[in-house]
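Next up, structure_29.cif (mmCIF, C-alpha atoms):
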```cif
data_model
#
loop_
_atom_site.label_atom_id
_atom_site.label_comp_id
_atom_site.auth_asym_id
_atom_site.auth_seq_id
_atom_site.Cartn_x
_atom_site.Cartn_y
_atom_site.Cartn_z
CA MET A 1 11.45 -39.02 3.46
CA ASN A 2 10.21 -35.55 2.53
CA ASN A 3 13.01 -32.99 2.94
CA PHE A 4 11.14 -30.12 1.25
CA GLN A 5 11.84 -26.79 2.98
CA LEU A 6 10.06 -23.51 2.17
CA GLU A 7 13.21 -21.46 2.83
CA GLU A 8 15.47 -23.73 0.76
CA HIS A 9 13.65 -25.08 -2.28
CA PRO A 10 11.77 -23.50 -5.23
CA HIS A 11 8.02 -23.61 -4.71
CA GLN A 12 4.75 -21.87 -5.52
CA ARG A 13 2.51 -20.07 -3.04
CA LEU A 14 -1.18 -19.31 -3.46
CA ASN A 15 -2.57 -15.81 -3.03
CA ILE A 16 -5.85 -16.58 -1.26
CA LEU A 17 -7.27 -13.15 -2.15
CA THR A 18 -6.82 -13.45 -5.92
CA GLY A 19 -6.38 -17.17 -6.63
CA GLU A 20 -3.04 -16.49 -8.32
CA TRP A 21 0.28 -18.23 -7.67
CA VAL A 22 3.77 -16.82 -7.10
CA LEU A 23 7.04 -18.68 -7.66
CA VAL A 24 9.48 -18.44 -4.73
CA SER A 25 13.16 -19.25 -5.43
CA PRO A 26 15.06 -18.78 -2.14
CA HIS A 27 18.25 -20.41 -3.46
CA ARG A 28 18.72 -17.51 -5.90
CA THR A 29 19.59 -15.02 -3.13
CA LYS A 30 23.20 -16.19 -3.42
CA ARG A 31 23.61 -14.97 -7.00
CA PRO A 32 25.75 -11.85 -7.58
CA TRP A 33 24.04 -8.65 -8.74
CA GLN A 34 25.35 -7.03 -11.91
CA GLY A 35 22.14 -5.37 -13.02
CA LYS A 36 20.85 -1.81 -13.01
CA VAL A 37 21.61 0.42 -10.04
CA GLU A 38 19.19 3.32 -9.50
CA LYS A 39 20.27 6.83 -8.63
CA VAL A 40 19.31 7.79 -5.10
CA ASN A 41 18.65 11.44 -4.29
CA LYS A 42 19.44 12.06 -0.63
CA ASP A 43 19.31 15.85 -0.78
CA PRO A 44 17.07 17.14 2.04
CA LEU A 45 13.82 18.77 0.97
CA PRO A 46 12.80 22.25 2.14
CA ALA A 47 9.74 22.71 4.34
CA TYR A 48 8.29 24.90 1.58
CA ASP A 49 9.10 24.88 -2.15
CA ALA A 50 8.02 27.88 -4.17
CA SER A 51 8.03 25.77 -7.36
CA CYS A 52 5.87 22.95 -5.91
CA TYR A 53 2.30 22.91 -7.20
CA LEU A 54 1.11 21.15 -4.02
CA CYS A 55 2.55 23.52 -1.43
CA PRO A 56 0.17 25.96 0.31
CA GLY A 57 -0.51 29.19 -1.57
CA ASN A 58 1.14 28.01 -4.80
CA SER A 59 -0.43 27.76 -8.26
CA ARG A 60 -1.23 24.26 -9.50
CA MET A 61 -0.50 22.91 -12.97
CA GLY A 62 -4.06 23.65 -14.07
CA GLY A 63 -3.82 27.27 -12.95
CA ASP A 64 -5.86 27.07 -9.72
CA LEU A 65 -4.36 28.50 -6.56
CA ASN A 66 -3.94 26.34 -3.46
CA PRO A 67 -5.29 27.88 -0.25
CA ALA A 68 -2.82 28.54 2.56
CA TYR A 69 -3.82 25.21 4.10
CA THR A 70 -2.41 24.17 7.48
CA GLU A 71 -3.88 20.64 7.68
CA PRO A 72 -4.43 17.85 5.11
CA PHE A 73 -5.99 19.26 1.95
CA ALA A 74 -7.93 17.66 -0.92
CA PHE A 75 -8.79 18.86 -4.42
CA THR A 76 -9.93 17.39 -7.73
CA ASN A 77 -6.98 16.34 -9.88
CA ASP A 78 -6.37 18.93 -12.59
CA PHE A 79 -5.42 16.14 -15.02
CA GLY A 80 -7.41 13.18 -13.68
CA ALA A 81 -7.52 9.83 -15.47
CA LEU A 82 -11.30 9.75 -15.07
CA MET A 83 -14.04 12.27 -15.92
CA ALA A 84 -17.36 12.72 -14.15
CA ASP A 85 -19.21 13.64 -17.38
CA THR A 86 -18.09 10.76 -19.62
CA PRO A 87 -21.13 9.80 -21.76
CA ALA A 88 -22.50 6.28 -21.32
CA GLY A 89 -21.81 3.99 -24.22
CA VAL A 90 -20.25 0.81 -25.55
CA ALA A 91 -18.32 -0.03 -28.69
CA ILE A 92 -18.28 -3.65 -29.88
CA THR A 93 -16.93 -4.95 -33.18
CA ASP A 94 -17.59 -8.55 -34.27
CA ASP A 95 -17.75 -9.55 -30.60
CA LEU A 96 -13.94 -9.26 -30.57
CA LEU A 97 -13.28 -5.59 -29.84
CA HIS A 98 -15.02 -4.40 -26.68
CA ALA A 99 -14.97 -0.95 -25.07
CA ARG A 100 -17.27 0.86 -22.66
CA GLY A 101 -17.42 4.31 -21.14
CA VAL A 102 -16.25 4.79 -17.54
CA LYS A 103 -17.19 7.68 -15.27
CA GLY A 104 -15.21 8.74 -12.25
CA ILE A 105 -13.56 11.36 -10.10
CA CYS A 106 -9.87 11.68 -9.25
CA ARG A 107 -8.93 13.53 -6.08
CA VAL A 108 -5.53 14.50 -4.68
CA ILE A 109 -4.85 14.38 -0.93
CA CYS A 110 -1.99 16.47 0.43
CA PHE A 111 -0.96 14.82 3.70
CA SER A 112 0.69 17.93 5.13
CA PRO A 113 1.43 21.56 4.25
CA ARG A 114 5.10 20.66 4.85
CA HIS A 115 6.91 19.75 1.64
CA ASP A 116 9.44 17.63 3.53
CA LEU A 117 7.29 15.46 5.82
CA THR A 118 6.35 12.00 4.56
CA LEU A 119 4.13 9.67 6.61
CA PRO A 120 6.95 8.26 8.81
CA LEU A 121 8.01 11.80 9.70
CA LEU A 122 4.52 12.99 10.63
CA GLU A 123 3.23 12.75 14.18
CA VAL A 124 0.55 10.09 14.82
CA ALA A 125 -1.99 12.85 15.50
CA ASP A 126 -1.25 14.38 12.09
CA ILE A 127 -1.59 11.02 10.31
CA ARG A 128 -4.96 10.64 12.01
CA LYS A 129 -6.02 13.91 10.35
CA VAL A 130 -5.18 12.31 6.99
CA ILE A 131 -7.36 9.31 7.91
CA THR A 132 -10.21 11.68 8.86
CA LEU A 133 -9.90 13.38 5.46
CA TRP A 134 -9.90 9.99 3.71
CA GLN A 135 -13.17 9.23 5.50
CA GLU A 136 -14.71 12.56 4.55
CA GLU A 137 -13.75 12.07 0.91
CA TYR A 138 -15.01 8.49 0.92
CA GLN A 139 -18.38 9.56 2.32
CA GLN A 140 -18.80 12.34 -0.24
CA LEU A 141 -17.74 10.22 -3.21
CA SER A 142 -19.89 7.23 -2.24
CA ALA A 143 -22.94 9.52 -2.09
CA ASP A 144 -22.89 9.54 -5.90
CA PRO A 145 -24.99 6.50 -6.95
CA ALA A 146 -22.94 6.16 -10.14
CA ILE A 147 -19.80 5.32 -8.13
CA ARG A 148 -19.17 1.62 -7.44
CA TYR A 149 -15.64 1.62 -6.07
CA ILE A 150 -13.31 4.05 -4.29
CA GLN A 151 -9.56 3.44 -4.44
CA ILE A 152 -7.41 5.31 -1.89
CA PHE A 153 -3.69 5.04 -2.65
CA GLU A 154 -0.24 6.62 -2.50
CA ASN A 155 2.65 6.44 -4.95
CA LYS A 156 5.81 7.40 -3.05
CA GLY A 157 9.14 8.15 -4.69
CA ASP A 158 10.19 9.00 -8.25
CA ILE A 159 11.17 5.34 -8.77
CA MET A 160 7.43 4.61 -8.54
CA GLY A 161 6.54 7.33 -11.02
CA CYS A 162 5.66 9.96 -8.44
CA SER A 163 6.16 13.32 -10.16
CA ASN A 164 6.15 15.47 -7.00
CA PRO A 165 7.90 14.71 -3.67
CA HIS A 166 5.37 16.70 -1.66
CA PRO A 167 3.67 14.11 0.61
CA HIS A 168 0.40 13.26 -1.07
CA GLY A 169 -1.87 10.46 -2.19
CA GLN A 170 -4.83 10.04 -4.49
CA ILE A 171 -8.41 8.79 -4.54
CA TRP A 172 -9.99 7.43 -7.70
CA ALA A 173 -13.73 6.83 -7.57
CA THR A 174 -15.02 4.78 -10.52
CA SER A 175 -18.30 3.63 -12.02
CA ASP A 176 -16.95 0.11 -12.48
CA LEU A 177 -15.19 -2.52 -10.37
CA PRO A 178 -11.44 -2.76 -11.16
CA ALA A 179 -9.95 -6.17 -11.99
CA GLU A 180 -8.17 -6.65 -8.63
CA LEU A 181 -11.36 -5.89 -6.73
CA ILE A 182 -13.36 -8.37 -8.79
CA LYS A 183 -10.85 -11.10 -7.91
CA GLU A 184 -10.66 -10.20 -4.21
CA THR A 185 -14.44 -9.92 -3.91
CA SER A 186 -14.92 -13.32 -5.52
CA HIS A 187 -12.48 -15.18 -3.27
CA GLN A 188 -13.66 -13.49 -0.07
CA GLU A 189 -17.25 -14.22 -1.04
CA LYS A 190 -16.56 -17.93 -1.66
CA TYR A 191 -14.84 -18.28 1.72
CA TYR A 192 -17.61 -16.42 3.54
CA GLU A 193 -20.33 -18.52 1.92
CA ALA A 194 -18.50 -21.73 2.85
CA THR A 195 -17.57 -20.83 6.43
CA GLY A 196 -19.62 -17.81 7.53
CA LYS A 197 -16.33 -16.10 8.41
CA SER A 198 -14.16 -13.38 6.93
CA LEU A 199 -11.27 -14.82 4.91
CA LEU A 200 -8.81 -12.27 6.26
CA GLN A 201 -10.00 -12.62 9.84
CA SER A 202 -9.14 -16.32 9.67
CA TYR A 203 -5.85 -15.52 7.95
CA VAL A 204 -4.85 -12.91 10.56
CA ALA A 205 -5.66 -15.34 13.37
CA LEU A 206 -3.37 -17.92 11.76
CA GLU A 207 -0.54 -15.43 11.23
CA LEU A 208 -0.76 -14.19 14.82
CA LYS A 209 -0.62 -17.79 16.02
CA LYS A 210 2.41 -18.70 13.88
CA GLN A 211 4.34 -15.40 14.38
CA GLU A 212 6.44 -16.06 11.26
CA ARG A 213 5.54 -13.07 9.08
CA ILE A 214 4.39 -10.39 11.56
CA VAL A 215 6.18 -7.04 11.25
CA CYS A 216 4.33 -5.09 13.96
CA GLU A 217 0.88 -4.87 15.52
CA ASN A 218 -1.30 -2.97 17.97
CA ASP A 219 -4.70 -3.66 19.52
CA HIS A 220 -6.59 -3.09 16.26
CA PHE A 221 -4.26 -3.70 13.31
CA VAL A 222 -1.48 -6.03 12.23
CA ALA A 223 1.22 -5.33 9.64
CA LEU A 224 2.64 -8.47 8.06
CA VAL A 225 4.41 -9.84 5.02
CA PRO A 226 1.73 -11.95 3.33
CA PHE A 227 2.55 -15.63 2.77
CA TRP A 228 2.07 -15.05 -0.98
CA ALA A 229 3.97 -11.73 -1.25
CA VAL A 230 5.43 -10.96 -4.69
CA TRP A 231 7.57 -7.88 -4.02
CA PRO A 232 10.70 -8.33 -1.84
CA PHE A 233 9.43 -6.29 1.11
CA GLU A 234 5.72 -6.31 0.34
CA THR A 235 3.43 -5.96 3.35
CA MET A 236 -0.23 -5.71 4.27
CA ILE A 237 -1.97 -3.87 7.09
CA ILE A 238 -5.13 -5.73 8.08
CA SER A 239 -7.75 -4.66 10.60
CA LYS A 240 -8.25 -7.18 13.40
CA ARG A 241 -11.99 -6.46 13.29
CA ASP A 242 -13.67 -7.55 10.07
CA VAL A 243 -15.07 -4.25 8.80
CA PRO A 244 -15.79 -3.71 5.07
CA ASP A 245 -14.41 -0.18 4.77
CA LEU A 246 -12.74 2.64 6.66
CA MET A 247 -16.07 4.29 7.50
CA HIS A 248 -16.61 1.59 10.13
CA PHE A 249 -13.46 2.47 12.12
CA THR A 250 -14.05 3.81 15.62
CA GLU A 251 -12.07 6.78 16.90
CA GLU A 252 -9.80 4.36 18.73
CA GLU A 253 -9.24 2.39 15.51
CA GLN A 254 -8.48 5.58 13.57
CA LEU A 255 -5.72 6.38 16.05
CA ALA A 256 -4.46 2.78 15.92
CA LEU A 257 -4.32 2.90 12.11
CA ALA A 258 -2.31 6.13 12.28
CA ASP A 259 0.03 4.45 14.76
CA ILE A 260 0.70 1.39 12.62
CA LEU A 261 1.09 3.45 9.44
CA LYS A 262 3.82 5.48 11.12
CA ARG A 263 5.54 2.40 12.56
CA LEU A 264 5.54 0.43 9.33
CA THR A 265 6.69 3.28 7.09
CA THR A 266 9.42 4.17 9.62
CA LYS A 267 10.70 0.61 9.41
CA TYR A 268 10.65 0.90 5.62
CA ASP A 269 12.77 4.08 5.71
CA ASN A 270 15.17 2.48 8.21
CA LEU A 271 15.69 -0.61 6.02
CA PHE A 272 18.08 1.15 3.61
CA GLU A 273 18.20 4.56 5.33
CA THR A 274 16.35 6.25 2.51
CA SER A 275 12.89 7.69 1.91
CA PHE A 276 11.49 4.29 0.98
CA PRO A 277 9.46 4.18 -2.25
CA TYR A 278 6.26 2.17 -2.67
CA SER A 279 2.78 2.04 -4.08
CA ALA A 280 0.29 1.53 -1.29
CA GLY A 281 -3.47 1.41 -1.23
CA MET A 282 -6.55 0.30 0.66
CA HIS A 283 -8.83 -2.44 -0.59
CA GLN A 284 -12.35 -2.22 0.73
CA ALA A 285 -15.88 -3.20 -0.23
CA PRO A 286 -17.58 -1.90 -3.39
CA VAL A 287 -20.09 0.90 -2.80
CA ASN A 288 -23.68 1.38 -3.93
CA SER A 289 -24.08 -2.36 -4.59
CA GLY A 290 -25.69 -3.73 -1.45
CA ASP A 291 -24.07 -5.24 1.63
CA HIS A 292 -20.76 -7.06 1.41
CA PRO A 293 -20.39 -9.06 4.65
CA GLU A 294 -17.53 -11.00 3.06
CA TRP A 295 -15.34 -7.93 2.72
CA HIS A 296 -12.51 -7.21 5.18
CA TRP A 297 -10.58 -3.92 5.02
CA HIS A 298 -6.85 -4.17 4.28
CA MET A 299 -4.05 -2.06 2.84
CA HIS A 300 -1.33 -3.30 0.47
CA PHE A 301 2.22 -1.94 0.32
CA TYR A 302 4.20 -2.77 -2.83
CA PRO A 303 7.79 -1.46 -2.56
CA PRO A 304 10.23 -2.08 -5.46
CA LEU A 305 13.58 -2.08 -3.63
CA LEU A 306 15.43 -5.40 -3.45
CA ARG A 307 18.97 -5.31 -2.05
CA SER A 308 19.63 -1.66 -1.25
CA ALA A 309 18.31 1.86 -1.80
CA SER A 310 19.69 1.67 -5.35
CA VAL A 311 18.79 -1.88 -6.46
CA LYS A 312 15.25 -2.35 -7.74
CA LYS A 313 13.21 -5.49 -8.31
CA PHE A 314 12.10 -5.75 -11.96
CA MET A 315 9.11 -7.72 -13.18
CA VAL A 316 10.36 -9.05 -16.53
CA GLY A 317 10.61 -12.22 -18.63
CA TYR A 318 8.97 -15.16 -16.87
CA GLU A 319 7.30 -12.80 -14.40
CA LEU A 320 5.50 -10.93 -17.19
CA LEU A 321 4.85 -13.91 -19.43
CA ALA A 322 4.09 -16.67 -16.93
CA SER A 323 4.05 -16.04 -13.16
CA PRO A 324 5.42 -13.54 -10.62
CA GLN A 325 8.64 -14.72 -8.94
CA ARG A 326 10.65 -13.68 -5.88
CA ASP A 327 13.95 -14.73 -4.32
CA ILE A 328 14.00 -13.76 -0.64
CA THR A 329 11.24 -15.51 1.26
CA PRO A 330 8.40 -13.62 2.95
CA GLU A 331 9.58 -15.06 6.26
CA TRP A 332 13.08 -13.61 5.83
CA ALA A 333 11.66 -10.23 4.78
CA ALA A 334 9.35 -10.17 7.81
CA ARG A 335 12.19 -10.96 10.22
CA LYS A 336 14.29 -8.19 8.67
CA LEU A 337 11.53 -5.59 8.89
CA GLN A 338 10.52 -6.66 12.39
CA SER A 339 14.10 -6.22 13.63
CA LEU A 340 14.30 -2.59 12.54
CA SER A 341 13.89 0.34 14.89
CA GLU A 342 10.63 2.30 15.00
CA THR A 343 12.58 5.52 15.50
CA HIS A 344 13.33 7.12 12.15
CA TYR A 345 16.99 6.87 11.15
CA SER A 346 17.22 10.65 10.65
CA LEU A 347 16.14 11.21 14.26
CA GLN A 348 18.57 8.55 15.48
CA LYS A 349 21.41 10.43 13.80
CA VAL A 350 20.33 13.72 15.35
CA ALA A 351 20.18 12.10 18.78
CA SER A 352 23.62 10.58 18.24
CA VAL A 353 25.15 13.95 17.30
CA GLU A 354 23.53 15.67 20.30
CA LYS A 355 24.84 12.96 22.61
CA THR A 356 28.45 13.49 21.46
CA GLN A 357 28.29 17.26 21.86
#
```
If you took the structure in this file and wrote it as structure tokens, what would it be?
Amino acid sequence: MNNFQLEEHPHQRLNILTGEWVLVSPHRTKRPWQGKVEKVNKDPLPAYDASCYLCPGNSRMGGDLNPAYTEPFAFTNDFGALMADTPAGVAITDDLLHARGVKGICRVICFSPRHDLTLPLLEVADIRKVITLWQEEYQQLSADPAIRYIQIFENKGDIMGCSNPHPHGQIWATSDLPAELIKETSHQEKYYEATGKSLLQSYVALELKKQERIVCENDHFVALVPFWAVWPFETMIISKRDVPDLMHFTEEEQLALADILKRLTTKYDNLFETSFPYSAGMHQAPVNSGDHPEWHWHMHFYPPLLRSASVKKFMVGYELLASPQRDITPEWAARKLQSLSETHYSLQKVASVEKTQ
């Protein structure tokens, strides 16, 4: 008799987007924690910080002056990791040492003029303005025939290496396809060629049917903990319609994306009642390389917190040398996130104080 249980026994799960496996060890959740505890800064931020190089009207690190912007604002990163004028070239030694030049553009996107308003604290209408700016940037960057991929992302929180708390994200446009995109393109392509369907459209249909890992949804998007999630509270937002990139979203879908971004990030903040850190980013079809009917837009959220606002998940040892590993199951994480309020904890506390007065 087979007594194997996903929520009881160690097992591996396949990431259908990359072909990689993750080790899940649910029995380890009972072990005591005696590891590193992070410092959590809960001091409220001001609406404007005179020392912030992203606030309106302030000087940036490179010396340029920000305009007195009142809506989302974009500029070229003063210290970008990529350069638009990198000369073409390769360097190969004995067919063992390989290097090649990479061109690109790095842009910074300020979500709001307010220094203290992260995505969950913005109104849906204001998040939609960020989405509109993402689309404008995407259109402009993809017009350069040298660009093959555009990565839109956000690093939130100093625990994720974010050097400035002002709400902002980045866009890196590159002349090559990054490693993750090569893997995701390959696996989506194989599925599409075999079935004539989008891999993620089939996956979303299955997840909606099973209702085991859904966090929240609306008419056009679903937020879920993927079956193969590595990070404790990792999630994905996936469009219900199989579009290759954000330029295909209708006005109604733009508003729905803003809605689900606010709902998901609010749940994240409510989990440990802290401004929840993560790295998040969209994956979408390569540009300037023909049609990609296999590609299905989605957005990954990789948060590091494990047990509380001060306990972080580390990728070390076996995870670095062999295979990623997690303790709490994706199903447990999804149930926990789903159960959380979609009203930000800071607003709940304000409402509670007003009620007692």
Evaluate the PyMOL selection byres ((chain A and resi 97-111) around 8) and record the selected residues as a PyMOL selection string, following the chain and residue labels used in the document. chain A and resi 54+71-77+80-96+112-113+118-119+127+130+146-147+166-176
For the structure provided, state which residues fall under the PyMOL selection byres ((chain A and resi 236-240) around 8), and present them as a list in words.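 Matching residues under the PyMOL selection byres ((chain A and resi 236-240) around 8) are Leu200, Gln201, Val204, Asp219, His220, Phe221, Val222, Ala223, Leu224, Val225, Pro226, Glu234, Thr235, Arg241, Asp242, Val243, His296, Trp297, His298, Met299, His300 and Phe301 of chain A.
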With all atoms listed in the file as the counted atoms, please give the residues lying no more than 12 Å from Lys183 in chain A, apart from itself and same-chain residues fewer than 2 positions off, as a count of residues only. 19
Hey, which of A:Gln5, A:Gln12, A:Ser51, A:Asn218 ends up closest to Pro324 in chain A? Count only C-alpha atoms. A:Gln12
Report the distance between CA of Phe249 in chain A and CA of Leu208 in chain A in Å, rounded to one decimal place.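 Spanning CA of Phe249 in chain A to CA of Leu208 in chain A is a straight-line distance of 21.1 Å.
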Hey, can you check how far CA of Leu23 in chain A sits from CA of Ala333 in chain A? 15.7 Å
Could you list, as a PyMOL selection string, every residue matched by the PyMOL selection byres ((chain A and resi 334) around 12) in this structure? chain A and resi 207+211-216+223-227+229+232-236+264+267-268+271+328-333+335-340
Axis-aligned box for range 84-99 of chain A, 5 Å per side, centre and edges in Å as AutoDock Vina command-line options:
```
--center_x -17.9 --center_y 2.0 --center_z -24.2 --size_x 19.2 --size_y 33.2 --size_z 30.1
```
Quick one: of A:Asp327, A:Glu123, A:Asp49, A:Glu184, who's nearest to Leu306 in chain A, counting all atoms listed in the file?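 Using all atoms listed in the file, the shortest distance to Leu306 in chain A belongs to A:Asp327.
Proximity of A:Ser275, A:Ile182, A:Asn155, A:Glu137 to Pro44 in chain A, computed with all atoms listed in the file, is greatest for A:Ser275.
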Calculate how many Å separate CA of Tyr203 in chain A from CA of Arg148 in chain A, rounding to one decimal.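 Interatomic distance here is 26.6 Å.
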Min atom-atom distance to Lys312 in chain A from the set A:Pro293, A:Pro277, A:Pro286, A:Pro67, counting all atoms listed in the file, belongs to A:Pro277
Of the candidates A:Phe153, A:Asn2, A:Pro165, A:Arg128, which shows the shortest atom-to-atom distance to Cys52 in chain A, using all atoms listed in the file?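 With all atoms listed in the file as the atom set, the closest residue is A:Pro165.
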For Gln325 in chain A, find every residue with an atom within 10 Å (counting only C-alpha atoms), except residues of its own chain fewer than 5 positions away, and show them as JSON, numbers by chain. {"A": [11, 12, 21, 22, 23, 24, 25, 229, 230, 231, 232, 315, 316, 318, 319, 320]}
Quick one: residues within 8 Å of Met247 in chain A, all atoms listed in the file, excluding same-chain residues fewer than 5 positions away - as a list in words?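 Residues meeting the cut-off are Gln135, Tyr138 and Gln139 of chain A.
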Kindly add N, CA, C and O atoms to the incomplete range 172-184 of chain A and provide the output as a PDB file, in the coordinates of the input.
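Saved the output as result38.pdb:
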```pdb
ATOM      1  N   TRP A 172      -9.263   7.583  -6.451  1.00  0.00           N
ATOM      2  CA  TRP A 172      -9.990   7.430  -7.700  1.00  0.00           C
ATOM      3  C   TRP A 172     -11.314   6.742  -7.400  1.00  0.00           C
ATOM      4  O   TRP A 172     -11.338   5.629  -6.868  1.00  0.00           O
ATOM      5  N   ALA A 173     -12.405   7.398  -7.730  1.00  0.00           N
ATOM      6  CA  ALA A 173     -13.730   6.830  -7.570  1.00  0.00           C
ATOM      7  C   ALA A 173     -14.275   6.496  -8.960  1.00  0.00           C
ATOM      8  O   ALA A 173     -14.313   7.363  -9.834  1.00  0.00           O
ATOM      9  N   THR A 174     -14.671   5.229  -9.171  1.00  0.00           N
ATOM     10  CA  THR A 174     -15.020   4.780 -10.520  1.00  0.00           C
ATOM     11  C   THR A 174     -16.413   4.170 -10.583  1.00  0.00           C
ATOM     12  O   THR A 174     -16.948   3.675  -9.590  1.00  0.00           O
ATOM     13  N   SER A 175     -16.967   4.184 -11.792  1.00  0.00           N
ATOM     14  CA  SER A 175     -18.300   3.630 -12.020  1.00  0.00           C
ATOM     15  C   SER A 175     -18.262   2.132 -12.312  1.00  0.00           C
ATOM     16  O   SER A 175     -19.299   1.527 -12.579  1.00  0.00           O
ATOM     17  N   ASP A 176     -17.071   1.547 -12.273  1.00  0.00           N
ATOM     18  CA  ASP A 176     -16.950   0.110 -12.480  1.00  0.00           C
ATOM     19  C   ASP A 176     -16.067  -0.500 -11.393  1.00  0.00           C
ATOM     20  O   ASP A 176     -15.421   0.214 -10.632  1.00  0.00           O
ATOM     21  N   LEU A 177     -16.067  -1.824 -11.309  1.00  0.00           N
ATOM     22  CA  LEU A 177     -15.190  -2.520 -10.370  1.00  0.00           C
ATOM     23  C   LEU A 177     -13.885  -2.867 -11.074  1.00  0.00           C
ATOM     24  O   LEU A 177     -13.897  -3.561 -12.094  1.00  0.00           O
ATOM     25  N   PRO A 178     -12.731  -2.413 -10.556  1.00  0.00           N
ATOM     26  CA  PRO A 178     -11.440  -2.760 -11.160  1.00  0.00           C
ATOM     27  C   PRO A 178     -11.166  -4.255 -11.057  1.00  0.00           C
ATOM     28  O   PRO A 178     -11.745  -4.963 -10.221  1.00  0.00           O
ATOM     29  N   ALA A 179     -10.233  -4.737 -11.888  1.00  0.00           N
ATOM     30  CA  ALA A 179      -9.950  -6.170 -11.990  1.00  0.00           C
ATOM     31  C   ALA A 179      -9.519  -6.780 -10.649  1.00  0.00           C
ATOM     32  O   ALA A 179      -9.974  -7.865 -10.273  1.00  0.00           O
ATOM     33  N   GLU A 180      -8.636  -6.096  -9.894  1.00  0.00           N
ATOM     34  CA  GLU A 180      -8.170  -6.650  -8.630  1.00  0.00           C
ATOM     35  C   GLU A 180      -9.310  -6.797  -7.631  1.00  0.00           C
ATOM     36  O   GLU A 180      -9.353  -7.748  -6.850  1.00  0.00           O
ATOM     37  N   LEU A 181     -10.225  -5.830  -7.662  1.00  0.00           N
ATOM     38  CA  LEU A 181     -11.360  -5.890  -6.730  1.00  0.00           C
ATOM     39  C   LEU A 181     -12.327  -7.001  -7.083  1.00  0.00           C
ATOM     40  O   LEU A 181     -12.919  -7.631  -6.199  1.00  0.00           O
ATOM     41  N   ILE A 182     -12.492  -7.268  -8.372  1.00  0.00           N
ATOM     42  CA  ILE A 182     -13.360  -8.370  -8.790  1.00  0.00           C
ATOM     43  C   ILE A 182     -12.802  -9.685  -8.268  1.00  0.00           C
ATOM     44  O   ILE A 182     -13.535 -10.524  -7.719  1.00  0.00           O
ATOM     45  N   LYS A 183     -11.483  -9.868  -8.383  1.00  0.00           N
ATOM     46  CA  LYS A 183     -10.850 -11.100  -7.910  1.00  0.00           C
ATOM     47  C   LYS A 183     -10.954 -11.224  -6.396  1.00  0.00           C
ATOM     48  O   LYS A 183     -11.326 -12.288  -5.863  1.00  0.00           O
ATOM     49  N   GLU A 184     -10.631 -10.135  -5.672  1.00  0.00           N
ATOM     50  CA  GLU A 184     -10.660 -10.200  -4.210  1.00  0.00           C
ATOM     51  C   GLU A 184     -12.075 -10.370  -3.677  1.00  0.00           C
ATOM     52  O   GLU A 184     -12.289 -11.069  -2.686  1.00  0.00           O
TER      53      GLU A 184
END
```
